[in-house]
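Quick notes on the structure that follows.
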Amino acid sequence: MPETSLLSPALPSTVLDAVSALFDTAVAEHKTSGVTWAIIGGHDHEHAVLAHGAAGHRHLIGGLPAAGSGPMDRATVSRIASMTKSFTAATLLALRDEGRLRLDDPVSAHVPEAAGAFDLAADEREPTLRQLLTMSGGLVTDNPWGDRQQAMTREEFTATLRGGLGHVHRVGTGFEYSNTGYALLGRVIDEITGDDYASEIRRRFLTPLGMTASGWSGQEIDTAQLATGHRLADRTDASRFEPVPLDGHGVYGAMAGLFSTVDDIAAWVRFLAAADAPDAAARQTGPLATASRREMQQLHRHHPLGSLPADPADPSRTSPGFDRVRGYGYGLVVEHFPDLGEVISHSGGYPGYGSFMVWHRDSGVGVVALANSKYAPATPLSMQTLRLLQRELPALLARRPLQAAPRTVAAAEAALSWLRGDAGDDADPDTLADAWFADTMDLDVPRAERRRRLTAALASAGLDAPVLAELRADGAQVLSRAQLRWTVPGRGPGAPSLRIELLMDPRRDGLVQSLDTTAVTAR
C-alpha cells in the first residue's frame, strides 16, 4: 500500500492506487525485480515526499526472495547510476562560482594527462569543461563499456587517456552521451580541490542537504538496506533476475557511482527545483547559488529526436513533427512536452539497476523511482505517474501563468485608449501616444496610417469600433512580461478575427515599440 505524509496535501486514494498499480504491474510482469518510488512535493508543499510506495524484493535467487532479504521499501538503498551526473555538474558550478575554474577552460588545464587524449582535426580545439558538461565533447557513447569501468583507478584512467580517445563528431557540434566525459570532470574536481570528487560532493551537498543514507560504496551506506542489483537472463519468469556483485569505487563513479534512497533524492530534487519557484529570490540559497541551479536546468545542447511517423494510411504525407523538444543541461535533461510543459530529469541505467528522477518546472512536483534490475522501466513508469497526476489532479501540476510587467499593463491601458480615440477629459488622444509611444513608432508607421490599418482590420473582421471599448489590459493574452495580445472573434461565417499586439521596448522604463492591428484567419 502507498504511504502519504500526514502533513502533505491529501492525494485521493484512487490516484495513489492507480500509481501503485503501475509499479506493482511492472514487478508482476517481471519487468523489474523490485522498485521503490515517491511523489515529490512541489514549490508550495511543506514536505518533500507526498506519497511513497514499493513493490518486489531487494534480492532474488532463482526467482524467490533470498534468505534474510526483505521487500523493497522506503528505506531501501539503491544505486542511482547516471543520476549521479547532476551532483558532479553541481560541484563544477560551485567551483566556478568560487573562481577556481572557468567552464570554458580546456579540460587539460586541470587534468594534464588529458592533453593529447582527444582525436582532433587540425582545426579543432580540445573539449572544454562546458562541452563535457553538456555532452558536446564529441566522445563516443560508452554506456555498456563505461558502466563496467566504475572501479578504474586514477593510474588506470591516466593510461587510458594516454592511449587516446575516439570521437564521433567534431568537438562542440552535436550531442553524444559520454560517461568518460563525466569521469574527466570528476578528475577535474580531484585536481582543483586536492581531495577526491566523492568527498567533495559529500561535503558540499550530501551532508548539508541531510542526505545521510547516500554514499559511494558499501563502507558508506547501510548494506542491510541495500537492494541487490540483478541482470536479466534469457527467461521470462522471475528466475530471469540474477544477482550481480557490487563493483568497486573509482574514477568512473563521478558519472554513476552514487547510492541513495527515494527520500534523499527527493531532497536533492527539491533543492534543484526550488531555483524555479516563484519566490526563489526570497528563499535560502543553500549549498549552490540559485542562479547556478537554474543554469543547470537550461537546454544547453539540443538532443535530436526522431520525427513522429507519417500517417501509415497515407505514406505520401509528411511527418507531423516531434513529440517533444529535448536537450541536455549540466548533468540534467531538459524536455518540453505539449501536455506537460517543461520537465527536468535524469535517468540511470547500470548493470543491475535502473532509476529515474523527474520534476515539473512550473509546479516543482516530481517523481523518483529506484529499481534493482538492469533495464528496469523506471523512466516510463515515472512519466506515466506524472501524467496520471496531471490528468487526475490538474491543479497539482498547474502551469504557471505568465505575468505582464506593471509597466506593460500601464502602457496597454494607454494604448487601448489611443486606439479607441479616448484620452479622457476631452484631451487630445495623441497626448497618450506622445507619452507612451517610443520615438521609433512614428518612424515605422505614422499615426494616421496606424489608424487606417485599425479601421481596415475592423472592417475585414466585420466589427465596429465600439468593440474596442470591451478590451482591457488585464484581459490580454500575456506572451511575455513585455508583450500582450488581444483577439476579438470576427462577426459572420468565416470572418477573420481582429488581433492587436503590443510590445514594449527593452528599457527598464520602457515605451511601446510596436502596436499592430491585423485581421487574422484561423488555420
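Ordering of the C-alpha cells sets the chain letters (A, B, ...), residue numbers begin anew at 1 in every chain, and ligands are numbered from 1 in the order given.
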**Report entry** Those of region 138-277 of chain A in DSSP helix (DSSP H, G or I), formatted as a PyMOL selection string
**Finding:** chain A and resi 143-147+154-163+179-193+197-206+223-225+238-240+253-256+262-276
Query - All residues 10 Å or closer to region 387-402 of chain A, only C-alpha atoms, same chain fewer than 3 positions away omitted, as a PyMOL selection string - result: chain A and resi 9+11-12+14-16+18-19+39+41-42+44+277-278+339-342+359-366+381-384+405+477-481
**Report entry** A:Glu155, A:Asp323, A:Asp439, A:Glu46 ranked by distance to Gly250 (chain A), top pick (using only C-alpha atoms)
**Finding:**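 Ranked by minimum distance to Gly250 (chain A), first place goes to A:Glu155.
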**Report entry** Residue nearest His249 (chain A) among A:Met152, A:Val367, A:Leu165, A:Ala438 (counting only C-alpha atoms)
**Finding:**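 Of all the options, A:Met152 lies closest to His249 (chain A).
The smallest atom-to-atom distance between Tyr197 (chain A) and any of A:Leu64, A:Val334, A:Leu95, A:Ala159, using only C-alpha atoms, is found for A:Leu95.
The nearest approach to Thr487 (chain A) among the residues A:Arg170, A:Arg499, A:Arg204, A:Arg507, with only C-alpha atoms taken into account, belongs to A:Arg499.
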Query raised in the report: Got a sec: who's within 12 Å of Ala121 (chain A), counting only C-alpha atoms, leaving out chain neighbours fewer than 5 positions off, as JSON, numbers by chain?
Result: {"A": [116, 126, 138, 166, 167, 169, 170, 171]}
Exercise: region 102-110 of chain A partners within 8 Å, only C-alpha atoms, chain neighbours under 3 positions left out, as a CSV table (one decimal) with C-alpha atoms, in the first residue's frame:
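Saved to around04.csv:
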```csv
chain,number,residue,atom,x,y,z
A,96,ARG,CA,33.2,28.0,-10.9
A,99,GLY,CA,36.6,31.4,-9.1
A,113,GLU,CA,47.2,13.8,-18.6
A,114,ALA,CA,44.2,14.7,-20.8
A,115,ALA,CA,46.4,16.7,-23.1
A,126,GLU,CA,40.3,20.4,-27.1
A,127,PRO,CA,36.9,20.0,-25.3
A,128,THR,CA,36.2,22.5,-22.6
A,129,LEU,CA,34.5,21.7,-19.3
A,130,ARG,CA,31.3,23.2,-20.6
A,184,LEU,CA,37.1,13.5,-16.7
A,185,LEU,CA,35.0,16.1,-14.9
A,188,VAL,CA,38.9,18.0,-12.6
A,191,GLU,CA,42.8,18.1,-9.0
A,192,ILE,CA,41.3,21.5,-8.1
```
Query - Which residue of A:Gly215, A:Pro245, A:Gly349, A:Pro446 approaches Phe259 (chain A) most closely, using only C-alpha atoms - result: A:Gly215
**Report entry** Shell of 8 Å around Phe356 (chain A), only C-alpha atoms, local chain residues under 5 positions omitted, as a list of chain:residue names
**Finding:** A:Ile80, A:Met83, A:Ser345, A:His346, A:Ser347, A:Gly348, A:Val368, A:Ala369, A:Leu370, A:Ala378, A:Thr379, A:Ser382
How would the residues just chosen look if you wrote them out with C-alpha atoms as a PDB file, in the first residue's frame?
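And here's again11.pdb as it stands now:
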```pdb
ATOM      1  CA  ILE A  80      21.143   5.799  -8.788  1.00  0.00           C
ATOM      2  CA  MET A  83      21.598  10.473 -11.879  1.00  0.00           C
ATOM      3  CA  SER A 345      15.040  14.797 -15.363  1.00  0.00           C
ATOM      4  CA  HIS A 346      17.817  12.272 -15.495  1.00  0.00           C
ATOM      5  CA  SER A 347      17.716   8.522 -15.799  1.00  0.00           C
ATOM      6  CA  GLY A 348      20.177   5.969 -14.528  1.00  0.00           C
ATOM      7  CA  VAL A 368      11.576   9.325  -8.319  1.00  0.00           C
ATOM      8  CA  ALA A 369      11.815   5.596  -8.970  1.00  0.00           C
ATOM      9  CA  LEU A 370      14.715   3.345  -7.957  1.00  0.00           C
ATOM     10  CA  ALA A 378      11.860   3.424 -14.177  1.00  0.00           C
ATOM     11  CA  THR A 379      11.587   6.152 -16.821  1.00  0.00           C
ATOM     12  CA  SER A 382       7.700   7.768 -13.637  1.00  0.00           C
TER      13      SER A 382
END
```
Query - strand (DSSP E or B) residues, from DSSP on the backbone, in region 30-222 of chain A, as JSON, numbers by chain - result: {"A": [34, 35, 36, 37, 38, 39, 40, 49, 50, 51, 52, 53, 54, 55, 56, 57, 60, 61, 64, 65, 71, 77, 78, 79, 106, 118, 128, 165, 215]}
Can you write just those residues out, N, CA and C atoms, as a PDB file, in the first residue's frame?
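And here's again.pdb as it stands now:
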```
ATOM      1  N   GLY A  34      12.341  -5.410  -8.343  1.00  0.00           N
ATOM      2  CA  GLY A  34      11.789  -4.585  -7.282  1.00  0.00           C
ATOM      3  C   GLY A  34      11.929  -3.117  -7.615  1.00  0.00           C
ATOM      4  N   VAL A  35      11.126  -2.301  -6.952  1.00  0.00           N
ATOM      5  CA  VAL A  35      11.164  -0.863  -7.208  1.00  0.00           C
ATOM      6  C   VAL A  35      10.610  -0.136  -5.992  1.00  0.00           C
ATOM      7  N   THR A  36      11.198   1.001  -5.688  1.00  0.00           N
ATOM      8  CA  THR A  36      10.677   1.896  -4.662  1.00  0.00           C
ATOM      9  C   THR A  36      10.483   3.263  -5.304  1.00  0.00           C
ATOM     10  N   TRP A  37       9.388   3.936  -4.988  1.00  0.00           N
ATOM     11  CA  TRP A  37       9.057   5.174  -5.686  1.00  0.00           C
ATOM     12  C   TRP A  37       8.488   6.201  -4.709  1.00  0.00           C
ATOM     13  N   ALA A  38       8.520   7.463  -5.132  1.00  0.00           N
ATOM     14  CA  ALA A  38       7.943   8.540  -4.329  1.00  0.00           C
ATOM     15  C   ALA A  38       7.443   9.649  -5.231  1.00  0.00           C
ATOM     16  N   ILE A  39       6.362  10.272  -4.807  1.00  0.00           N
ATOM     17  CA  ILE A  39       5.868  11.509  -5.424  1.00  0.00           C
ATOM     18  C   ILE A  39       6.444  12.662  -4.605  1.00  0.00           C
ATOM     19  N   ILE A  40       7.139  13.567  -5.281  1.00  0.00           N
ATOM     20  CA  ILE A  40       7.904  14.621  -4.605  1.00  0.00           C
ATOM     21  C   ILE A  40       7.091  15.909  -4.555  1.00  0.00           C
ATOM     22  N   VAL A  49       8.178  14.585   0.406  1.00  0.00           N
ATOM     23  CA  VAL A  49       7.530  13.400  -0.164  1.00  0.00           C
ATOM     24  C   VAL A  49       6.032  13.459   0.137  1.00  0.00           C
ATOM     25  N   LEU A  50       5.240  13.465  -0.911  1.00  0.00           N
ATOM     26  CA  LEU A  50       3.781  13.478  -0.768  1.00  0.00           C
ATOM     27  C   LEU A  50       3.223  12.074  -0.632  1.00  0.00           C
ATOM     28  N   ALA A  51       3.859  11.105  -1.273  1.00  0.00           N
ATOM     29  CA  ALA A  51       3.405   9.714  -1.191  1.00  0.00           C
ATOM     30  C   ALA A  51       4.550   8.807  -1.583  1.00  0.00           C
ATOM     31  N   HIS A  52       4.502   7.603  -1.089  1.00  0.00           N
ATOM     32  CA  HIS A  52       5.554   6.635  -1.380  1.00  0.00           C
ATOM     33  C   HIS A  52       4.951   5.248  -1.510  1.00  0.00           C
ATOM     34  N   GLY A  53       5.610   4.426  -2.308  1.00  0.00           N
ATOM     35  CA  GLY A  53       5.208   3.028  -2.417  1.00  0.00           C
ATOM     36  C   GLY A  53       6.376   2.182  -2.877  1.00  0.00           C
ATOM     37  N   ALA A  54       6.203   0.889  -2.856  1.00  0.00           N
ATOM     38  CA  ALA A  54       7.256  -0.031  -3.284  1.00  0.00           C
ATOM     39  C   ALA A  54       6.624  -1.346  -3.692  1.00  0.00           C
ATOM     40  N   ALA A  55       7.374  -2.098  -4.482  1.00  0.00           N
ATOM     41  CA  ALA A  55       6.921  -3.422  -4.921  1.00  0.00           C
ATOM     42  C   ALA A  55       8.138  -4.295  -5.150  1.00  0.00           C
ATOM     43  N   GLY A  56       7.953  -5.598  -4.994  1.00  0.00           N
ATOM     44  CA  GLY A  56       9.041  -6.525  -5.252  1.00  0.00           C
ATOM     45  C   GLY A  56       9.998  -6.665  -4.095  1.00  0.00           C
ATOM     46  N   HIS A  57      11.143  -7.286  -4.362  1.00  0.00           N
ATOM     47  CA  HIS A  57      12.094  -7.635  -3.313  1.00  0.00           C
ATOM     48  C   HIS A  57      13.492  -7.072  -3.595  1.00  0.00           C
ATOM     49  N   LEU A  60      16.712 -11.424  -5.153  1.00  0.00           N
ATOM     50  CA  LEU A  60      16.097 -12.658  -5.635  1.00  0.00           C
ATOM     51  C   LEU A  60      17.178 -13.667  -6.010  1.00  0.00           C
ATOM     52  N   ILE A  61      16.894 -14.928  -5.711  1.00  0.00           N
ATOM     53  CA  ILE A  61      17.727 -16.040  -6.164  1.00  0.00           C
ATOM     54  C   ILE A  61      16.792 -17.104  -6.732  1.00  0.00           C
ATOM     55  N   LEU A  64      13.076 -16.348  -6.324  1.00  0.00           N
ATOM     56  CA  LEU A  64      12.467 -16.279  -4.992  1.00  0.00           C
ATOM     57  C   LEU A  64      13.286 -15.354  -4.100  1.00  0.00           C
ATOM     58  N   PRO A  65      12.631 -14.723  -3.092  1.00  0.00           N
ATOM     59  CA  PRO A  65      13.379 -13.858  -2.183  1.00  0.00           C
ATOM     60  C   PRO A  65      14.499 -14.629  -1.503  1.00  0.00           C
ATOM     61  N   PRO A  71      11.488  -7.057   1.522  1.00  0.00           N
ATOM     62  CA  PRO A  71      10.862  -6.398   0.381  1.00  0.00           C
ATOM     63  C   PRO A  71      11.427  -4.992   0.173  1.00  0.00           C
ATOM     64  N   VAL A  77      18.122   1.258  -0.085  1.00  0.00           N
ATOM     65  CA  VAL A  77      19.215   1.965  -0.741  1.00  0.00           C
ATOM     66  C   VAL A  77      19.487   1.298  -2.084  1.00  0.00           C
ATOM     67  N   SER A  78      19.573   2.105  -3.135  1.00  0.00           N
ATOM     68  CA  SER A  78      19.779   1.565  -4.477  1.00  0.00           C
ATOM     69  C   SER A  78      20.766   2.447  -5.223  1.00  0.00           C
ATOM     70  N   ARG A  79      21.479   1.878  -6.174  1.00  0.00           N
ATOM     71  CA  ARG A  79      22.381   2.694  -6.990  1.00  0.00           C
ATOM     72  C   ARG A  79      21.551   3.584  -7.906  1.00  0.00           C
ATOM     73  N   PRO A 106      39.902  24.500 -21.207  1.00  0.00           N
ATOM     74  CA  PRO A 106      40.114  23.157 -21.757  1.00  0.00           C
ATOM     75  C   PRO A 106      40.362  22.191 -20.606  1.00  0.00           C
ATOM     76  N   PHE A 118      42.637  13.536 -27.100  1.00  0.00           N
ATOM     77  CA  PHE A 118      41.495  13.670 -27.996  1.00  0.00           C
ATOM     78  C   PHE A 118      41.919  13.580 -29.454  1.00  0.00           C
ATOM     79  N   THR A 128      36.173  21.666 -23.827  1.00  0.00           N
ATOM     80  CA  THR A 128      36.159  22.460 -22.603  1.00  0.00           C
ATOM     81  C   THR A 128      35.306  21.763 -21.543  1.00  0.00           C
ATOM     82  N   LEU A 165      41.484   8.769 -26.984  1.00  0.00           N
ATOM     83  CA  LEU A 165      40.035   8.586 -27.020  1.00  0.00           C
ATOM     84  C   LEU A 165      39.528   8.790 -28.442  1.00  0.00           C
ATOM     85  N   GLY A 215      25.687   7.357  -0.369  1.00  0.00           N
ATOM     86  CA  GLY A 215      27.121   7.143  -0.310  1.00  0.00           C
ATOM     87  C   GLY A 215      27.630   6.486  -1.568  1.00  0.00           C
TER      88      GLY A 215
END
```
Report task. May I have the residues within 12 Å of region 311-322 of chain A as a ChimeraX atom specification, using only C-alpha atoms and disregarding those fewer than 4 positions away in the same chain? Result -> /A:304-307,326,335-338
